[in-house]
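Engineer: You'll find query_22.txt just under this line, and it carries compact mmCIF, C-alpha atoms.
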```
# COMPACT_ATOMS: atom_id res chain seq x y z
CA MET A 1 128.38 103.20 111.07
CA ASP A 2 126.17 102.11 108.23
CA PRO A 3 125.96 98.28 108.15
CA ASP A 4 126.84 98.34 104.45
CA SER A 5 129.99 100.34 105.03
CA LYS A 6 133.48 99.12 105.69
CA LEU A 7 136.07 101.01 107.65
CA LEU A 8 139.62 100.82 106.34
CA PHE A 9 142.72 102.15 108.14
CA ALA A 10 146.30 101.23 109.07
CA ILE A 11 147.40 100.04 112.53
CA ASN A 12 150.76 99.09 113.98
CA LEU A 13 150.68 95.39 114.84
CA ASN A 14 153.82 93.69 116.14
CA GLY A 15 155.97 96.53 114.82
CA LYS A 16 154.54 96.37 111.29
CA THR A 17 151.99 98.57 109.55
CA THR A 18 148.91 96.44 108.91
CA ILE A 19 145.82 97.34 106.88
CA CYS A 20 142.71 96.80 108.99
CA LYS A 21 139.23 96.44 107.53
CA VAL A 22 136.22 96.52 109.88
CA ILE A 23 132.90 95.08 108.73
CA PRO A 24 129.92 95.70 111.06
CA GLU A 25 127.21 93.09 111.51
CA ASN A 26 124.57 92.77 114.26
CA GLY A 27 126.55 94.63 116.93
CA ASN A 28 129.75 92.72 116.19
CA TYR A 29 132.65 93.91 114.08
CA TYR A 30 134.52 91.48 111.84
CA ILE A 31 138.17 92.36 111.50
CA GLN A 32 140.35 91.61 108.49
CA LEU A 33 144.07 92.29 108.65
CA ASN A 34 145.79 92.58 105.28
CA ASP A 35 142.68 91.01 103.69
CA VAL A 36 142.76 87.95 105.98
CA ASP A 37 139.93 87.23 108.44
CA ALA A 38 141.47 87.81 111.86
CA ALA A 39 138.92 88.38 114.61
CA THR A 40 135.50 89.48 115.76
CA ILE A 41 135.20 92.23 118.37
CA ARG A 42 132.40 94.04 120.13
CA LEU A 43 131.79 96.62 122.83
CA ASN A 44 130.73 94.88 126.06
CA GLU A 45 128.34 96.11 128.77
CA ASN A 46 131.27 97.82 130.56
CA ASP A 47 132.12 99.85 127.44
CA MET A 48 135.28 97.82 126.90
CA TRP A 49 136.27 96.43 123.51
CA ILE A 50 136.65 92.66 123.67
CA GLN A 51 137.61 89.99 121.19
CA LEU A 52 135.02 87.26 120.66
CA LYS A 53 136.64 85.06 118.00
CA GLY A 54 139.77 84.66 115.95
CA GLY A 55 143.49 84.66 116.57
CA CYS A 56 144.46 86.39 119.76
CA LEU A 57 145.07 90.07 119.06
CA PRO A 58 146.94 92.15 121.63
CA HIS A 59 144.49 94.03 123.85
CA GLU A 60 146.03 97.32 122.72
CA SER A 61 145.19 96.48 119.09
CA VAL A 62 141.59 95.61 119.97
CA GLU A 63 141.32 98.95 121.80
CA GLU A 64 142.86 100.84 118.87
CA ILE A 65 140.45 99.25 116.39
CA GLY A 66 137.56 100.05 118.74
CA SER A 67 138.71 103.68 118.92
CA HIS A 68 138.56 103.93 115.12
CA ILE A 69 135.02 102.50 115.17
CA GLU A 70 133.93 104.98 117.85
CA ALA A 71 135.43 107.88 115.87
CA ILE A 72 133.26 106.98 112.86
CA TYR A 73 130.13 107.05 115.02
CA ARG A 74 131.14 110.45 116.46
CA GLU A 75 131.72 111.86 112.97
CA LYS A 76 128.32 110.61 111.82
CA LEU A 77 126.61 112.02 114.93
CA PHE A 78 128.10 115.48 114.39
CA ALA A 79 127.42 115.38 110.66
CA ASP A 80 123.73 114.66 111.31
CA ASN A 81 123.37 117.64 113.68
```
If you took the structure in this file and wrote it as structure tokens, what would it be?
Structural biologist:
Amino acid sequence: MDPDSKLLFAINLNGKTTICKVIPENGNYYIQLNDVDAATIRLNENDMWIQLKGGCLPHESVEEIGSHIEAIYREKLFADN
């Protein structure tokens, strides 16, 4: 994902549809939920998405957000080939 890009999508969080914005920076991904800073996540050395900072998100939500990030990288990889 281009560092200047932002990824925007909807997730289900606590039974409600929430707009998630992902902003990449230096290997970390800053997460905004409904335009409010919520967390920072990253992929660890075991290829697991973990939360570094922010309010405690459910692990399933961190994984879902990580899956969206990975999908963007796959799309870019296939588009470049």
Engineer: Considering only C-alpha atoms, give me a table of residues in stretch 47-76 of chain A that are at most 10 Å from stretch 22-31 of chain A, with the closest atom pair and distance in Å for each, as CSV.
Structural biologist:
```
residue,atom,partner,partner_atom,distance
A:Gln51,CA,A:Tyr29,CA,9.5
A:Leu52,CA,A:Asn28,CA,8.8
A:Lys53,CA,A:Tyr30,CA,9.1
A:Gly54,CA,A:Ile31,CA,9.0
A:Val62,CA,A:Ile31,CA,9.7
A:Ile65,CA,A:Val22,CA,8.2
A:Gly66,CA,A:Tyr29,CA,9.1
A:His68,CA,A:Val22,CA,9.4
A:Ile69,CA,A:Val22,CA,8.1
```
Engineer: Which one is closest to A:Trp49: A:Asn12, A:Glu63, A:Ile19, A:Val36? Count all atoms listed in the file.
Structural biologist: A:Glu63
Engineer: Hey, could you pull the box centre and edge lengths for stretch 40-50 of chain A, axis-aligned, 8 Å padding per side, all listed atoms, to one decimal in Å, as AutoDock Vina command-line options?
Structural biologist:
```
--center_x 132.5 --center_y 94.7 --center_z 123.2 --size_x 24.3 --size_y 26.4 --size_z 30.8
```
Engineer: Let me make sure I understand: among A:Lys21, A:Gln32, A:Glu75, A:Glu70, which one has the smallest atom-to-atom distance to A:Met48 if we use all atoms listed in the file?
Structural biologist: A:Glu70
Engineer: If I take atom CA of A:Lys16 and atom CA of A:Ala38, how far is one from the other in Å, to one decimal?
Structural biologist: 15.6 Å
Engineer: Could you work out how far atom CA of A:Ile72 lies from atom CA of A:Cys20, giving the answer in Å with one decimal?
Structural biologist: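 Computing it gives 14.4 Å between the two atoms.
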Engineer: Rank A:Phe78, A:Asn34, A:Asn14, A:Glu45 by their smallest atom-to-atom distance to A:Pro58, using only C-alpha atoms, and report the top residue only.
Structural biologist: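 Nearest candidate to A:Pro58 out of A:Phe78, A:Asn34, A:Asn14, A:Glu45: A:Asn14.
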Engineer: Separation of atom CA of A:Asp37 and atom CA of A:Leu7, in Å?
Structural biologist: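 Those two atoms sit 14.3 Å apart.
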Engineer: Measuring atom to atom with all atoms listed in the file, identify which of A:Asn46, A:Leu33, A:Thr40, A:Ala79 is nearest to A:Thr17.
Structural biologist: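 Ranking A:Asn46, A:Leu33, A:Thr40, A:Ala79 by distance to A:Thr17, first place goes to A:Leu33.
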Engineer: Take the structure in the block and write a file for stretch 61-77 of chain A, all heavy atoms, as a PDB file, in the first residue's frame.
Structural biologist:
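What landed in result-v3.pdb:
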```
ATOM      1  N   SER A  61     -11.431  -8.230  15.325  1.00  0.00           N
ATOM      2  CA  SER A  61     -11.459  -6.970  14.570  1.00  0.00           C
ATOM      3  C   SER A  61     -10.070  -6.626  14.061  1.00  0.00           C
ATOM      4  O   SER A  61      -9.918  -6.166  12.926  1.00  0.00           O
ATOM      5  CB  SER A  61     -11.999  -5.833  15.435  1.00  0.00           C
ATOM      6  OG  SER A  61     -13.337  -6.082  15.793  1.00  0.00           O
ATOM      7  N   VAL A  62      -9.050  -6.842  14.892  1.00  0.00           N
ATOM      8  CA  VAL A  62      -7.671  -6.595  14.460  1.00  0.00           C
ATOM      9  C   VAL A  62      -7.341  -7.502  13.277  1.00  0.00           C
ATOM     10  O   VAL A  62      -6.767  -7.054  12.277  1.00  0.00           O
ATOM     11  CB  VAL A  62      -6.677  -6.809  15.630  1.00  0.00           C
ATOM     12  CG1 VAL A  62      -5.239  -6.727  15.149  1.00  0.00           C
ATOM     13  CG2 VAL A  62      -6.933  -5.801  16.743  1.00  0.00           C
ATOM     14  N   GLU A  63      -7.741  -8.765  13.351  1.00  0.00           N
ATOM     15  CA  GLU A  63      -7.504  -9.705  12.254  1.00  0.00           C
ATOM     16  C   GLU A  63      -8.252  -9.286  10.992  1.00  0.00           C
ATOM     17  O   GLU A  63      -7.721  -9.372   9.886  1.00  0.00           O
ATOM     18  CB  GLU A  63      -7.922 -11.123  12.661  1.00  0.00           C
ATOM     19  CG  GLU A  63      -6.969 -11.782  13.629  1.00  0.00           C
ATOM     20  CD  GLU A  63      -5.647 -12.151  12.983  1.00  0.00           C
ATOM     21  OE1 GLU A  63      -5.630 -12.577  11.817  1.00  0.00           O
ATOM     22  OE2 GLU A  63      -4.624 -12.016  13.671  1.00  0.00           O
ATOM     23  N   GLU A  64      -9.494  -8.837  11.142  1.00  0.00           N
ATOM     24  CA  GLU A  64     -10.283  -8.408   9.985  1.00  0.00           C
ATOM     25  C   GLU A  64      -9.645  -7.199   9.310  1.00  0.00           C
ATOM     26  O   GLU A  64      -9.535  -7.142   8.082  1.00  0.00           O
ATOM     27  CB  GLU A  64     -11.713  -8.079  10.405  1.00  0.00           C
ATOM     28  CG  GLU A  64     -12.585  -7.653   9.245  1.00  0.00           C
ATOM     29  CD  GLU A  64     -14.015  -7.328   9.638  1.00  0.00           C
ATOM     30  OE1 GLU A  64     -14.405  -7.551  10.806  1.00  0.00           O
ATOM     31  OE2 GLU A  64     -14.742  -6.843   8.753  1.00  0.00           O
ATOM     32  N   ILE A  65      -9.217  -6.232  10.096  1.00  0.00           N
ATOM     33  CA  ILE A  65      -8.554  -5.050   9.543  1.00  0.00           C
ATOM     34  C   ILE A  65      -7.271  -5.469   8.831  1.00  0.00           C
ATOM     35  O   ILE A  65      -6.985  -5.021   7.718  1.00  0.00           O
ATOM     36  CB  ILE A  65      -8.275  -4.011  10.648  1.00  0.00           C
ATOM     37  CG1 ILE A  65      -9.598  -3.463  11.189  1.00  0.00           C
ATOM     38  CG2 ILE A  65      -7.383  -2.884  10.135  1.00  0.00           C
ATOM     39  CD1 ILE A  65      -9.467  -2.685  12.487  1.00  0.00           C
ATOM     40  N   GLY A  66      -6.499  -6.354   9.455  1.00  0.00           N
ATOM     41  CA  GLY A  66      -5.281  -6.867   8.834  1.00  0.00           C
ATOM     42  C   GLY A  66      -5.567  -7.568   7.521  1.00  0.00           C
ATOM     43  O   GLY A  66      -4.803  -7.426   6.547  1.00  0.00           O
ATOM     44  N   SER A  67      -6.662  -8.300   7.442  1.00  0.00           N
ATOM     45  CA  SER A  67      -7.032  -8.987   6.194  1.00  0.00           C
ATOM     46  C   SER A  67      -7.309  -7.987   5.074  1.00  0.00           C
ATOM     47  O   SER A  67      -6.933  -8.214   3.923  1.00  0.00           O
ATOM     48  CB  SER A  67      -8.258  -9.864   6.417  1.00  0.00           C
ATOM     49  OG  SER A  67      -7.951 -10.926   7.274  1.00  0.00           O
ATOM     50  N   HIS A  68      -7.949  -6.876   5.414  1.00  0.00           N
ATOM     51  CA  HIS A  68      -8.196  -5.829   4.410  1.00  0.00           C
ATOM     52  C   HIS A  68      -6.869  -5.241   3.923  1.00  0.00           C
ATOM     53  O   HIS A  68      -6.704  -4.999   2.726  1.00  0.00           O
ATOM     54  CB  HIS A  68      -9.071  -4.718   4.995  1.00  0.00           C
ATOM     55  CG  HIS A  68     -10.521  -5.055   5.061  1.00  0.00           C
ATOM     56  ND1 HIS A  68     -11.368  -4.965   3.980  1.00  0.00           N
ATOM     57  CD2 HIS A  68     -11.284  -5.498   6.091  1.00  0.00           C
ATOM     58  CE1 HIS A  68     -12.584  -5.329   4.334  1.00  0.00           C
ATOM     59  NE2 HIS A  68     -12.556  -5.661   5.625  1.00  0.00           N
ATOM     60  N   ILE A  69      -5.944  -5.017   4.841  1.00  0.00           N
ATOM     61  CA  ILE A  69      -4.628  -4.481   4.462  1.00  0.00           C
ATOM     62  C   ILE A  69      -3.918  -5.459   3.524  1.00  0.00           C
ATOM     63  O   ILE A  69      -3.387  -5.071   2.476  1.00  0.00           O
ATOM     64  CB  ILE A  69      -3.768  -4.198   5.714  1.00  0.00           C
ATOM     65  CG1 ILE A  69      -4.399  -3.085   6.547  1.00  0.00           C
ATOM     66  CG2 ILE A  69      -2.332  -3.844   5.323  1.00  0.00           C
ATOM     67  CD1 ILE A  69      -3.809  -2.929   7.939  1.00  0.00           C
ATOM     68  N   GLU A  70      -3.907  -6.736   3.872  1.00  0.00           N
ATOM     69  CA  GLU A  70      -3.256  -7.750   3.050  1.00  0.00           C
ATOM     70  C   GLU A  70      -3.891  -7.827   1.665  1.00  0.00           C
ATOM     71  O   GLU A  70      -3.188  -8.007   0.662  1.00  0.00           O
ATOM     72  CB  GLU A  70      -3.328  -9.108   3.734  1.00  0.00           C
ATOM     73  CG  GLU A  70      -2.453  -9.198   4.968  1.00  0.00           C
ATOM     74  CD  GLU A  70      -2.665 -10.482   5.744  1.00  0.00           C
ATOM     75  OE1 GLU A  70      -3.376 -11.392   5.262  1.00  0.00           O
ATOM     76  OE2 GLU A  70      -2.105 -10.583   6.852  1.00  0.00           O
ATOM     77  N   ALA A  71      -5.204  -7.679   1.575  1.00  0.00           N
ATOM     78  CA  ALA A  71      -5.893  -7.740   0.286  1.00  0.00           C
ATOM     79  C   ALA A  71      -5.424  -6.614  -0.636  1.00  0.00           C
ATOM     80  O   ALA A  71      -5.253  -6.823  -1.841  1.00  0.00           O
ATOM     81  CB  ALA A  71      -7.404  -7.674   0.493  1.00  0.00           C
ATOM     82  N   ILE A  72      -5.184  -5.427  -0.075  1.00  0.00           N
ATOM     83  CA  ILE A  72      -4.696  -4.306  -0.879  1.00  0.00           C
ATOM     84  C   ILE A  72      -3.319  -4.623  -1.447  1.00  0.00           C
ATOM     85  O   ILE A  72      -3.032  -4.352  -2.617  1.00  0.00           O
ATOM     86  CB  ILE A  72      -4.658  -3.009  -0.043  1.00  0.00           C
ATOM     87  CG1 ILE A  72      -6.080  -2.553   0.247  1.00  0.00           C
ATOM     88  CG2 ILE A  72      -3.872  -1.915  -0.745  1.00  0.00           C
ATOM     89  CD1 ILE A  72      -6.901  -2.209  -0.977  1.00  0.00           C
ATOM     90  N   TYR A  73      -2.437  -5.209  -0.630  1.00  0.00           N
ATOM     91  CA  TYR A  73      -1.112  -5.573  -1.119  1.00  0.00           C
ATOM     92  C   TYR A  73      -1.200  -6.616  -2.228  1.00  0.00           C
ATOM     93  O   TYR A  73      -0.487  -6.541  -3.218  1.00  0.00           O
ATOM     94  CB  TYR A  73      -0.232  -6.094   0.021  1.00  0.00           C
ATOM     95  CG  TYR A  73       0.358  -4.996   0.858  1.00  0.00           C
ATOM     96  CD1 TYR A  73      -0.077  -4.786   2.160  1.00  0.00           C
ATOM     97  CD2 TYR A  73       1.348  -4.163   0.356  1.00  0.00           C
ATOM     98  CE1 TYR A  73       0.462  -3.768   2.938  1.00  0.00           C
ATOM     99  CE2 TYR A  73       1.888  -3.151   1.122  1.00  0.00           C
ATOM    100  CZ  TYR A  73       1.442  -2.958   2.415  1.00  0.00           C
ATOM    101  OH  TYR A  73       1.970  -1.949   3.170  1.00  0.00           O
ATOM    102  N   ARG A  74      -2.099  -7.607  -2.065  1.00  0.00           N
ATOM    103  CA  ARG A  74      -2.270  -8.633  -3.106  1.00  0.00           C
ATOM    104  C   ARG A  74      -2.764  -8.003  -4.401  1.00  0.00           C
ATOM    105  O   ARG A  74      -2.268  -8.320  -5.479  1.00  0.00           O
ATOM    106  CB  ARG A  74      -3.239  -9.714  -2.640  1.00  0.00           C
ATOM    107  CG  ARG A  74      -2.608 -10.743  -1.737  1.00  0.00           C
ATOM    108  CD  ARG A  74      -3.518 -11.957  -1.540  1.00  0.00           C
ATOM    109  NE  ARG A  74      -4.805 -11.630  -0.964  1.00  0.00           N
ATOM    110  CZ  ARG A  74      -5.045 -11.520   0.339  1.00  0.00           C
ATOM    111  NH1 ARG A  74      -4.074 -11.694   1.214  1.00  0.00           N
ATOM    112  NH2 ARG A  74      -6.254 -11.236   0.777  1.00  0.00           N
ATOM    113  N   GLU A  75      -3.732  -7.104  -4.318  1.00  0.00           N
ATOM    114  CA  GLU A  75      -4.256  -6.431  -5.508  1.00  0.00           C
ATOM    115  C   GLU A  75      -3.152  -5.657  -6.210  1.00  0.00           C
ATOM    116  O   GLU A  75      -3.031  -5.702  -7.434  1.00  0.00           O
ATOM    117  CB  GLU A  75      -5.378  -5.463  -5.132  1.00  0.00           C
ATOM    118  CG  GLU A  75      -6.673  -6.155  -4.774  1.00  0.00           C
ATOM    119  CD  GLU A  75      -7.730  -5.162  -4.305  1.00  0.00           C
ATOM    120  OE1 GLU A  75      -7.577  -3.943  -4.522  1.00  0.00           O
ATOM    121  OE2 GLU A  75      -8.720  -5.626  -3.712  1.00  0.00           O
ATOM    122  N   LYS A  76      -2.326  -4.962  -5.455  1.00  0.00           N
ATOM    123  CA  LYS A  76      -1.240  -4.181  -6.045  1.00  0.00           C
ATOM    124  C   LYS A  76      -0.224  -5.107  -6.688  1.00  0.00           C
ATOM    125  O   LYS A  76       0.248  -4.859  -7.796  1.00  0.00           O
ATOM    126  CB  LYS A  76      -0.579  -3.298  -4.997  1.00  0.00           C
ATOM    127  CG  LYS A  76       0.546  -2.461  -5.571  1.00  0.00           C
ATOM    128  CD  LYS A  76       1.011  -1.423  -4.612  1.00  0.00           C
ATOM    129  CE  LYS A  76       2.192  -0.615  -5.067  1.00  0.00           C
ATOM    130  NZ  LYS A  76       2.517  -0.549  -6.440  1.00  0.00           N
ATOM    131  N   LEU A  77       0.104  -6.213  -6.041  1.00  0.00           N
ATOM    132  CA  LEU A  77       1.068  -7.169  -6.572  1.00  0.00           C
ATOM    133  C   LEU A  77       0.598  -7.716  -7.921  1.00  0.00           C
ATOM    134  O   LEU A  77       1.346  -7.752  -8.882  1.00  0.00           O
ATOM    135  CB  LEU A  77       1.292  -8.308  -5.578  1.00  0.00           C
ATOM    136  CG  LEU A  77       2.233  -9.417  -6.027  1.00  0.00           C
ATOM    137  CD1 LEU A  77       3.655  -8.891  -6.168  1.00  0.00           C
ATOM    138  CD2 LEU A  77       2.198 -10.570  -5.028  1.00  0.00           C
TER     139      LEU A  77
END
```
